[in-house]
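Scroll down for the structure; my scribbles are underneath it.
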Amino acid sequence: MHEINRRQAMVAVGAFLALAACSTDGDSGGDSGGAKQSGDGFAANRDGAMADYGVGKTFKAAAPLTFSILYNNHPFYPIKNDWLFWSELTKRTNVTLEPNVVPLSDYENKRSLMIGAGDAPLIIPKTYPGQETPFVASGSVLPVSDYLDLMPNFKEKIAKWNLQADLDTLRQADGRFYLLPGLHEDYWTDYTLVVRSDILDKLGLEIPQTWDDVHNMLKAMKAEYPDSYPYSDRWGIPTPGGAMLNQVFGLGSGVRGGWGFTTGITWDTNAQKFAFTGAMDQYKQMLQFLHTLVEEKLLDPESFTQQDDQAIQKLASGKSFVISGNAQTLVNEYRPPLKKANPKAKLIKIPVPIGPQGPVKADANDSRLENGIMISKKARDSKNFVAMMQFIDWLWYSDEGQLFAKWGIEGTTYTKDASGKYQLAKDVDFVGLNPGAPKHLQKDFGFSNGVFAYGGSTELLQSTFSEEEIEWQKTMNARQALPPHPPSPLNDEEREQAALWQTPLKDHANQNTLEFILGKRSFDEWDAYVKELEAKNMTSYVNLVNSAYERYKKEHG
Amino acid sequence: MVTVDRTRGHRVFRVVNTIVLTVVVLVTLYPFVNIVARSLSDEFAIRAGKVNLVPVGFTFRTYEYVASDPTFWTNYRNTVVYTVVATAIAMVMTTCYAYVLSKKHLKGRTVLIGIAVFTMFFTGGLIPNYILISSLGLKDSIWAIVLPNAISVFNLLVMKAFFEGLPVELEEAAAIDGMSTYGILFRIVLPLSKAVLATMVLFYAVSFWNSWFAAFLYMSQNDLFPVTVYLRNLIAGATTGTSVGADATDMTVATNIKSVTMVLTVIPILVVYPFVQRYFVKGVMLGAVKG
């Protein structure tokens with residue numbers, strides 16, 4: 001039949017992605033913009049720009065401007081054209097954004113398609129670090145690092161928060177980067193174990209701090225409730241141990257499995273080179289620990305295969321007492337059903353258990369960078385280019401812009417008291433701060449929208465946090481930060497080669513991760529497993545990355 | 001005399017058959033009933049895993065909530081409009097093409113068939129299609145959805161086979177009585193082809209009702225999307241969000257809201273199906289025998 005079903009569509013998009021990485025628009029890519037920029041090559045691009053734009057200044061275009069933007073439409077707060085956000089933005093900056101609406105469910109596919117067809121809007125937000133790489137070779141996105149002089153707020157934050165090393169992780173083989181990332185002042189840890197604190201009280205246990213404490217706690221729970229699996233986890237589909245191996249235990253072990261496995265490469269601080277995550281001793285340690293939990297029937301083996309809802313049901317019905325979670329899931333998904341089933345039950349986030357690495361902190365992706373913005377190459381030729389960069393700098397990177405995007409308008413959506421605490425207006429609800437209020441900050445006003453509001457200072461980030469979450473963050477922030485890994489950008493050819501090696505390696509590592517944890521494979525066979533990885537070109541892959549790292553250090557170091 | 005009905009083998013067959021089909025029916029019905037039950041249940045009851053076949057904490061509140069979202073109705077209306085217009089266009093195009101192809105004396109008939117069949121095996125690909133539709137200026141209009149899929153080759157071939165099965169004598173008689181080609185098509189052939197027409201309308205309507213990909217590709221405004229895109233974003237969007245470790249301020253959409261949206265989206269097709277079904281079986285069979 002003629003209709004295109006979903007799978008075919010995805011295959012097509014995938015195939016396209018590969019193609020997009022190969023095709024180039026010749027010499028027009030490359031250097032035309034950046035190299036000559038020092039002599040101010042912007043004479044033709046200054047329409048509407050501010051001559052005296054700088055930190056602390058509100059951007060206001062000299063003439064009404066319109067910029068197209070790819071818009072990631074979140075189902076929880078679907079886009080409305082009459083949001084106060086749009087009208088107030090235009091009032092303040094003289095800029096009208098023209099959103100090209102894409103459903104969140106398939107945002108990445110549409111983004112690839114539009115960039116590939118040369119039809120992308122000028123501003124392409126919601127791009128996570130690394131996702132920009134496939135578009136670099138085609139020359140369809142702008143090397144934004146060449147134009148930072150147009151963005152005073154961005155530069156100020158990088159300097160003030162000491163983010164240069166984090167930023168370097170984005171650099172491509174040509175030494176430039178193509179993504180304007182969201183910036184965090186401090187590391188923001190969020191995922192950890194959520195534990196039934198009333199059970200802890202009942203058993204006379206302290207809040208566990210280390211892996212061993214967690215082990216002991218689970219044993220005590222098991223002793224009291226022999227029929228239960230005290231720890232039954234979620235986020236097993238489609239990536240087994242998504243949060244568990246990435247952050248909950250990944251952070252303490254120093255390696256990232258689950259969601260954080262991605263390319264399978266980890267920076268080994270001791271050896272000062274990259275290694276394959278799935279073969280590292282630290283990774284083995286983590287699996288051994290989890291295997292002990294499974295063996296002693298403390299960790300539910302279904303944790304890796306069940307749906308999230310099932311795991312939550314076990315927690316709510318008192319069949320389990322421990323689960324992975326973050327601040328949001330704790331409040332929205334765990335507490336309400338548990339409260340209904342058992343009003344006396346209490347749930348808390350415990351500090352991320354300290355593992356062999358000692359007390360460390362890190363973001364989910366090991367740097368303080370968030371998803372950010374790509375800019376279409378064609379924007380460089382626009383007569384409003386400078387104005388657009390200033391506008392982006394103001395809205396996404398200035399204190400004023402970030403406050404506006406997150407909280408809205410003082411007096412209308414929020415108030416600020418003398419001590420500097422933000423308070424939502426009485427008739428406005430957001431993340432359960434004003435339950436039952438008739439209006440919603442995201443749904444009815446368009447603020448705190450994931451497309452525009454992210455990153456920023458710790459103060460701003462925590463302004464919507466509850467007291468208990470701020471306390472939790474304090475505990476975590478007192479820990480030692482791991483330095484970001486150094487850049488090791490591959491060139492086009494290497495990237496293609498690496499992509500061929502990555503998938504089989506990742507599949508094999510993932511599959512064996514589960515077998516080791518569940519005890520289907522004994523740790524005696526670890527060496528054999530590493531050999532199997534060797535047979536799948538692990539060493540060649542790691543060498544490729546390490547040589548890219550050396551090369552980059554020599555050329556741009 | 002032992003009839004087929006009485007043989008031991010047949011009795012066994014009937015028992016096994018009944019059991020197997022009953023299981024199939026249950027397996028097929030269960031998700032439906034479950035979704036309907038969820039749509040009528042209290043959200044916390046669903047999270048606590050209490051809802052199975054019967055609603056717990058019976059409420060219509062979720063229906064009221066979904067119905068109060070103007071975007072849902074705008075998108076629902078779009079689906080209806082797209083489906084009706086697309087089906088109408090598809091029927092006209094497919095019928096004309098199939099009728100022409102059914103005439104053996106037509107010169108170049110093999111070439112015409114070849115052109116159609118070619119597209120079953122080769123397509124231009126996603127990007128070229130996208131560029132084509134953009135260059136034609138069809139983006140953000142209903143035509144981007146209804147025109148590219150106007151002829152389904154599978155349906156075309158079924159119809160062609162059906163038309164070939166009609167007695168030539170009927171058309172010859174009409175021609176001798178002085179009827180024009182179009183007259184023959186409209187007053188002789190089509191009235192005799194109700195079965196296949198009904199089947200084709202059903203095929204097309206269902207596929208247009210369920211389709212989301214074309215709209216996803218070519219539409220860039222929220223109030224142009226069909227309800228399938230709305231639904232997909234609601235269901236797939238929420239799961240994608242958490243799987244990449246989304247921002248803490250991102251919320252997931254409650255299960256009962258998803259269920260209500262699913263029920264409301266499926267109902268029209270579910271209601272129409274039984275009425276068209278009797279044509280459906282007949283129509284496909286008639287085409288197939290001659291094939």
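Residues in the structure tokens are numbered from 1 in each chain, the chains being A, B, ... in the order shown, and ligands are numbered from 1 in the order shown.
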Review point. Counting only C-alpha atoms, what is within 10 Å of Pro55 of chain B, bar same-chain residues fewer than 3 positions away, as a PyMOL selection string?
Key: chain B and resi 33-42+45-46+50-52+58-59
I need the residues from that last selection saved to file as an mmCIF file, in the first residue's frame (with C-alpha atoms), if you can.
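result_0.cif, freshly written:
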data_model
loop_
_atom_site.group_PDB
_atom_site.id
_atom_site.type_symbol
_atom_site.label_atom_id
_atom_site.label_comp_id
_atom_site.auth_asym_id
_atom_site.auth_seq_id
_atom_site.Cartn_x
_atom_site.Cartn_y
_atom_site.Cartn_z
ATOM 1 C CA VAL B 33 -11.935 -2.729 27.326
ATOM 2 C CA ASN B 34 -8.928 -1.896 29.445
ATOM 3 C CA ILE B 35 -8.487 1.476 27.760
ATOM 4 C CA VAL B 36 -12.181 2.279 28.119
ATOM 5 C CA ALA B 37 -12.040 1.307 31.797
ATOM 6 C CA ARG B 38 -8.989 3.483 32.336
ATOM 7 C CA SER B 39 -10.627 6.402 30.584
ATOM 8 C CA LEU B 40 -13.486 6.231 33.089
ATOM 9 C CA SER B 41 -11.302 5.739 36.156
ATOM 10 C CA ASP B 42 -9.682 7.865 38.766
ATOM 11 C CA ALA B 45 -6.492 4.133 40.946
ATOM 12 C CA ILE B 46 -4.759 3.599 37.597
ATOM 13 C CA LYS B 50 -6.237 -1.342 40.377
ATOM 14 C CA VAL B 51 -7.908 -0.781 37.019
ATOM 15 C CA ASN B 52 -8.326 -3.791 34.797
ATOM 16 C CA PHE B 58 -15.916 5.958 38.105
ATOM 17 C CA THR B 59 -15.751 9.486 36.706
#
Exercise for review: Starting from chain A, keep only residues with some atom at most 7 Å from an atom of chain B, counting only C-alpha atoms, and report them as a PyMOL selection string.
Suggested key: chain A and resi 1-3+12+75-76+100-105+110+113+117+259+309+313+316-317+327-328+337+431
Practice item. Enter the distance from atom CA of Lys258 of chain B to atom CA of Gln307 of chain A, in Å, rounded to one decimal. Key: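 Between atom CA of Lys258 of chain B and atom CA of Gln307 of chain A the gap works out to 16.3 Å.
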Any idea what's packed within 9 Å of segment 187-192 of chain A, counting only C-alpha atoms, ignoring anything in its chain fewer than 2 positions away? Could you give it as a PDB file with N, CA, C and O atoms, in the first residue's frame?
ATOM      1  N   HIS A 184      24.771  25.833  33.031  1.00  0.00           N
ATOM      2  CA  HIS A 184      24.425  25.777  34.453  1.00  0.00           C
ATOM      3  C   HIS A 184      25.547  26.365  35.285  1.00  0.00           C
ATOM      4  O   HIS A 184      26.714  26.128  35.002  1.00  0.00           O
ATOM      5  N   GLU A 185      25.188  27.083  36.330  1.00  0.00           N
ATOM      6  CA  GLU A 185      26.211  27.635  37.214  1.00  0.00           C
ATOM      7  C   GLU A 185      26.919  26.511  37.970  1.00  0.00           C
ATOM      8  O   GLU A 185      28.123  26.496  38.107  1.00  0.00           O
ATOM      9  N   VAL A 194      14.876   6.769  45.721  1.00  0.00           N
ATOM     10  CA  VAL A 194      13.789   7.263  46.560  1.00  0.00           C
ATOM     11  C   VAL A 194      13.432   6.125  47.516  1.00  0.00           C
ATOM     12  O   VAL A 194      13.250   4.986  47.093  1.00  0.00           O
ATOM     13  N   ALA A 243      18.327   4.826  34.513  1.00  0.00           N
ATOM     14  CA  ALA A 243      18.784   5.777  35.534  1.00  0.00           C
ATOM     15  C   ALA A 243      19.730   5.095  36.515  1.00  0.00           C
ATOM     16  O   ALA A 243      20.685   5.685  36.993  1.00  0.00           O
ATOM     17  N   MET A 244      19.471   3.829  36.811  1.00  0.00           N
ATOM     18  CA  MET A 244      20.246   3.107  37.819  1.00  0.00           C
ATOM     19  C   MET A 244      21.722   3.053  37.453  1.00  0.00           C
ATOM     20  O   MET A 244      22.594   3.417  38.255  1.00  0.00           O
ATOM     21  N   GLN A 247      23.144   7.140  36.737  1.00  0.00           N
ATOM     22  CA  GLN A 247      23.431   8.073  37.807  1.00  0.00           C
ATOM     23  C   GLN A 247      23.375   7.477  39.195  1.00  0.00           C
ATOM     24  O   GLN A 247      24.270   7.700  40.000  1.00  0.00           O
ATOM     25  N   VAL A 248      22.337   6.698  39.474  1.00  0.00           N
ATOM     26  CA  VAL A 248      22.114   6.261  40.851  1.00  0.00           C
ATOM     27  C   VAL A 248      23.339   5.518  41.374  1.00  0.00           C
ATOM     28  O   VAL A 248      23.826   5.789  42.465  1.00  0.00           O
ATOM     29  N   PHE A 249      23.845   4.579  40.572  1.00  0.00           N
ATOM     30  CA  PHE A 249      25.085   3.913  40.944  1.00  0.00           C
ATOM     31  C   PHE A 249      26.241   4.263  40.009  1.00  0.00           C
ATOM     32  O   PHE A 249      27.403   4.081  40.359  1.00  0.00           O
ATOM     33  N   ILE A 323      13.114   2.835  44.979  1.00  0.00           N
ATOM     34  CA  ILE A 323      13.004   2.969  43.524  1.00  0.00           C
ATOM     35  C   ILE A 323      13.857   4.154  43.102  1.00  0.00           C
ATOM     36  O   ILE A 323      14.140   5.041  43.900  1.00  0.00           O
ATOM     37  N   SER A 324      14.291   4.164  41.841  1.00  0.00           N
ATOM     38  CA  SER A 324      14.994   5.339  41.331  1.00  0.00           C
ATOM     39  C   SER A 324      14.002   6.458  41.065  1.00  0.00           C
ATOM     40  O   SER A 324      12.856   6.185  40.710  1.00  0.00           O
ATOM     41  N   GLY A 325      14.452   7.691  41.207  1.00  0.00           N
ATOM     42  CA  GLY A 325      13.540   8.794  40.930  1.00  0.00           C
ATOM     43  C   GLY A 325      14.264  10.115  40.956  1.00  0.00           C
ATOM     44  O   GLY A 325      15.468  10.173  41.229  1.00  0.00           O
ATOM     45  N   ASN A 326      13.525  11.173  40.644  1.00  0.00           N
ATOM     46  CA  ASN A 326      14.065  12.518  40.787  1.00  0.00           C
ATOM     47  C   ASN A 326      13.024  13.372  41.511  1.00  0.00           C
ATOM     48  O   ASN A 326      11.971  12.865  41.895  1.00  0.00           O
ATOM     49  N   ALA A 327      13.330  14.653  41.672  1.00  0.00           N
ATOM     50  CA  ALA A 327      12.453  15.515  42.467  1.00  0.00           C
ATOM     51  C   ALA A 327      11.026  15.503  41.927  1.00  0.00           C
ATOM     52  O   ALA A 327      10.056  15.470  42.681  1.00  0.00           O
ATOM     53  N   LYS A 349      14.032  11.434  48.943  1.00  0.00           N
ATOM     54  CA  LYS A 349      15.210  11.227  48.094  1.00  0.00           C
ATOM     55  C   LYS A 349      16.409  11.092  49.025  1.00  0.00           C
ATOM     56  O   LYS A 349      16.627  11.963  49.866  1.00  0.00           O
ATOM     57  N   ILE A 350      17.199  10.053  48.891  1.00  0.00           N
ATOM     58  CA  ILE A 350      18.432   9.999  49.674  1.00  0.00           C
ATOM     59  C   ILE A 350      19.559  10.564  48.814  1.00  0.00           C
ATOM     60  O   ILE A 350      19.460  10.567  47.582  1.00  0.00           O
ATOM     61  N   PRO A 351      20.636  11.081  49.425  1.00  0.00           N
ATOM     62  CA  PRO A 351      21.761  11.565  48.613  1.00  0.00           C
ATOM     63  C   PRO A 351      22.277  10.422  47.737  1.00  0.00           C
ATOM     64  O   PRO A 351      22.212   9.263  48.164  1.00  0.00           O
ATOM     65  N   VAL A 352      22.736  10.755  46.543  1.00  0.00           N
ATOM     66  CA  VAL A 352      23.215   9.698  45.650  1.00  0.00           C
ATOM     67  C   VAL A 352      24.255   8.863  46.412  1.00  0.00           C
ATOM     68  O   VAL A 352      25.219   9.409  46.942  1.00  0.00           O
ATOM     69  N   PRO A 353      24.043   7.532  46.505  1.00  0.00           N
ATOM     70  CA  PRO A 353      24.934   6.711  47.318  1.00  0.00           C
ATOM     71  C   PRO A 353      26.393   6.845  46.883  1.00  0.00           C
ATOM     72  O   PRO A 353      26.706   6.789  45.698  1.00  0.00           O
ATOM     73  N   LYS A 361      30.118  14.722  42.560  1.00  0.00           N
ATOM     74  CA  LYS A 361      28.888  15.212  41.953  1.00  0.00           C
ATOM     75  C   LYS A 361      29.122  15.419  40.467  1.00  0.00           C
ATOM     76  O   LYS A 361      30.253  15.657  40.040  1.00  0.00           O
ATOM     77  N   ALA A 362      28.096  15.323  39.695  1.00  0.00           N
ATOM     78  CA  ALA A 362      28.193  15.583  38.268  1.00  0.00           C
ATOM     79  C   ALA A 362      26.797  15.684  37.710  1.00  0.00           C
ATOM     80  O   ALA A 362      25.845  15.198  38.306  1.00  0.00           O
ATOM     81  N   ASP A 363      26.696  16.318  36.574  1.00  0.00           N
ATOM     82  CA  ASP A 363      25.433  16.378  35.872  1.00  0.00           C
ATOM     83  C   ASP A 363      25.170  15.043  35.208  1.00  0.00           C
ATOM     84  O   ASP A 363      26.051  14.188  35.146  1.00  0.00           O
ATOM     85  N   ALA A 364      23.965  14.893  34.683  1.00  0.00           N
ATOM     86  CA  ALA A 364      23.627  13.638  34.027  1.00  0.00           C
ATOM     87  C   ALA A 364      24.616  13.344  32.904  1.00  0.00           C
ATOM     88  O   ALA A 364      24.957  12.196  32.651  1.00  0.00           O
ATOM     89  N   ASP A 366      27.768  14.652  32.718  1.00  0.00           N
ATOM     90  CA  ASP A 366      29.131  14.921  33.159  1.00  0.00           C
ATOM     91  C   ASP A 366      29.651  16.306  32.822  1.00  0.00           C
ATOM     92  O   ASP A 366      30.834  16.575  32.966  1.00  0.00           O
ATOM     93  N   SER A 367      28.824  17.184  32.318  1.00  0.00           N
ATOM     94  CA  SER A 367      29.279  18.562  32.154  1.00  0.00           C
ATOM     95  C   SER A 367      28.118  19.453  32.570  1.00  0.00           C
ATOM     96  O   SER A 367      27.012  18.990  32.773  1.00  0.00           O
ATOM     97  N   ARG A 368      28.378  20.731  32.690  1.00  0.00           N
ATOM     98  CA  ARG A 368      27.316  21.620  33.135  1.00  0.00           C
ATOM     99  C   ARG A 368      26.579  22.216  31.938  1.00  0.00           C
ATOM    100  O   ARG A 368      26.057  23.314  32.007  1.00  0.00           O
ATOM    101  N   THR A 458      22.253  29.074  39.864  1.00  0.00           N
ATOM    102  CA  THR A 458      21.700  28.130  40.830  1.00  0.00           C
ATOM    103  C   THR A 458      20.494  28.742  41.531  1.00  0.00           C
ATOM    104  O   THR A 458      19.512  28.081  41.810  1.00  0.00           O
ATOM    105  N   GLN A 473      19.869  19.367  47.424  1.00  0.00           N
ATOM    106  CA  GLN A 473      20.867  19.931  46.515  1.00  0.00           C
ATOM    107  C   GLN A 473      22.090  20.423  47.279  1.00  0.00           C
ATOM    108  O   GLN A 473      23.219  20.307  46.817  1.00  0.00           O
ATOM    109  N   MET A 476      24.358  17.583  48.014  1.00  0.00           N
ATOM    110  CA  MET A 476      25.068  17.127  46.821  1.00  0.00           C
ATOM    111  C   MET A 476      26.137  18.140  46.400  1.00  0.00           C
ATOM    112  O   MET A 476      27.229  17.770  45.979  1.00  0.00           O
ATOM    113  N   ASN A 477      25.804  19.427  46.483  1.00  0.00           N
ATOM    114  CA  ASN A 477      26.742  20.454  46.016  1.00  0.00           C
ATOM    115  C   ASN A 477      28.006  20.520  46.863  1.00  0.00           C
ATOM    116  O   ASN A 477      29.032  21.024  46.418  1.00  0.00           O
ATOM    117  N   ALA A 481      33.466  18.049  42.493  1.00  0.00           N
ATOM    118  CA  ALA A 481      33.048  17.939  41.092  1.00  0.00           C
ATOM    119  C   ALA A 481      34.092  17.179  40.286  1.00  0.00           C
ATOM    120  O   ALA A 481      35.292  17.386  40.461  1.00  0.00           O
TER     121      ALA A 481
ATOM    122  N   GLY B 245      15.920  11.525  30.197  1.00  0.00           N
ATOM    123  CA  GLY B 245      16.183  12.258  31.429  1.00  0.00           C
ATOM    124  C   GLY B 245      15.814  13.717  31.287  1.00  0.00           C
ATOM    125  O   GLY B 245      16.644  14.599  31.414  1.00  0.00           O
ATOM    126  N   ALA B 248      13.458  18.614  34.945  1.00  0.00           N
ATOM    127  CA  ALA B 248      12.609  18.286  36.080  1.00  0.00           C
ATOM    128  C   ALA B 248      11.264  18.990  35.996  1.00  0.00           C
ATOM    129  O   ALA B 248      10.298  18.560  36.585  1.00  0.00           O
TER     130      ALA B 248
END
Check your understanding: Any idea what's packed within 6 Å of Phe304 of chain A, counting only C-alpha atoms, ignoring anything in its chain fewer than 6 positions away? Could you give it as a list of chain:residue names?
Key ->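 Answer for this query is A:Gly236, A:Pro240, A:Gly241.
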Could you write out the selected residues, including N, CA and C atoms, as a JSON list (two decimals), in the first residue's frame?
[["chain", "number", "residue", "atom", "x", "y", "z"],
["A", 236, "GLY", "N", 13.51, 0.73, 32.82],
["A", 236, "GLY", "CA", 14.23, -0.41, 32.26],
["A", 236, "GLY", "C", 14.02, -0.52, 30.76],
["A", 240, "PRO", "N", 17.96, -0.83, 29.48],
["A", 240, "PRO", "CA", 17.93, -1.47, 30.79],
["A", 240, "PRO", "C", 18.76, -0.67, 31.80],
["A", 241, "GLY", "N", 18.20, -0.46, 32.98],
["A", 241, "GLY", "CA", 18.92, 0.27, 34.02],
["A", 241, "GLY", "C", 19.19, 1.71, 33.64]]
Practice item. Excluding Tyr178 of chain A and residues on its chain fewer than 4 positions from it, collect all residues at most 6 Å away from it, counting only C-alpha atoms, and give them as an MDAnalysis selection string. Key: chainID A and resid 142:144
Practice item. Could you give me the residues within segment 37-204 of chain A that DSSP places in alpha helix (DSSP H), as number ranges by chain? Key: A: 84-93, 107-116, 133-136, 152-160, 164-168, 197-203
Review point. Which value, in Å to one decimal, gives the distance between atom CA of Lys344 of chain A and atom CA of Val331 of chain A?
Key: 15.8 Å
Study note, to complete from the structure: Expressed in Å, the length from atom CA of Gly252 of chain A to atom CA of Ile354 of chain A is 5.2 Å
Exercise for review: Give me the residues within 12 Å of segment 29-32 of chain B as a PyMOL selection string, counting only C-alpha atoms and dropping any in the same chain fewer than 2 places off.
Suggested key: chain B and resi 21-27+34-39+52-54+259-260+262-264+266-267+270
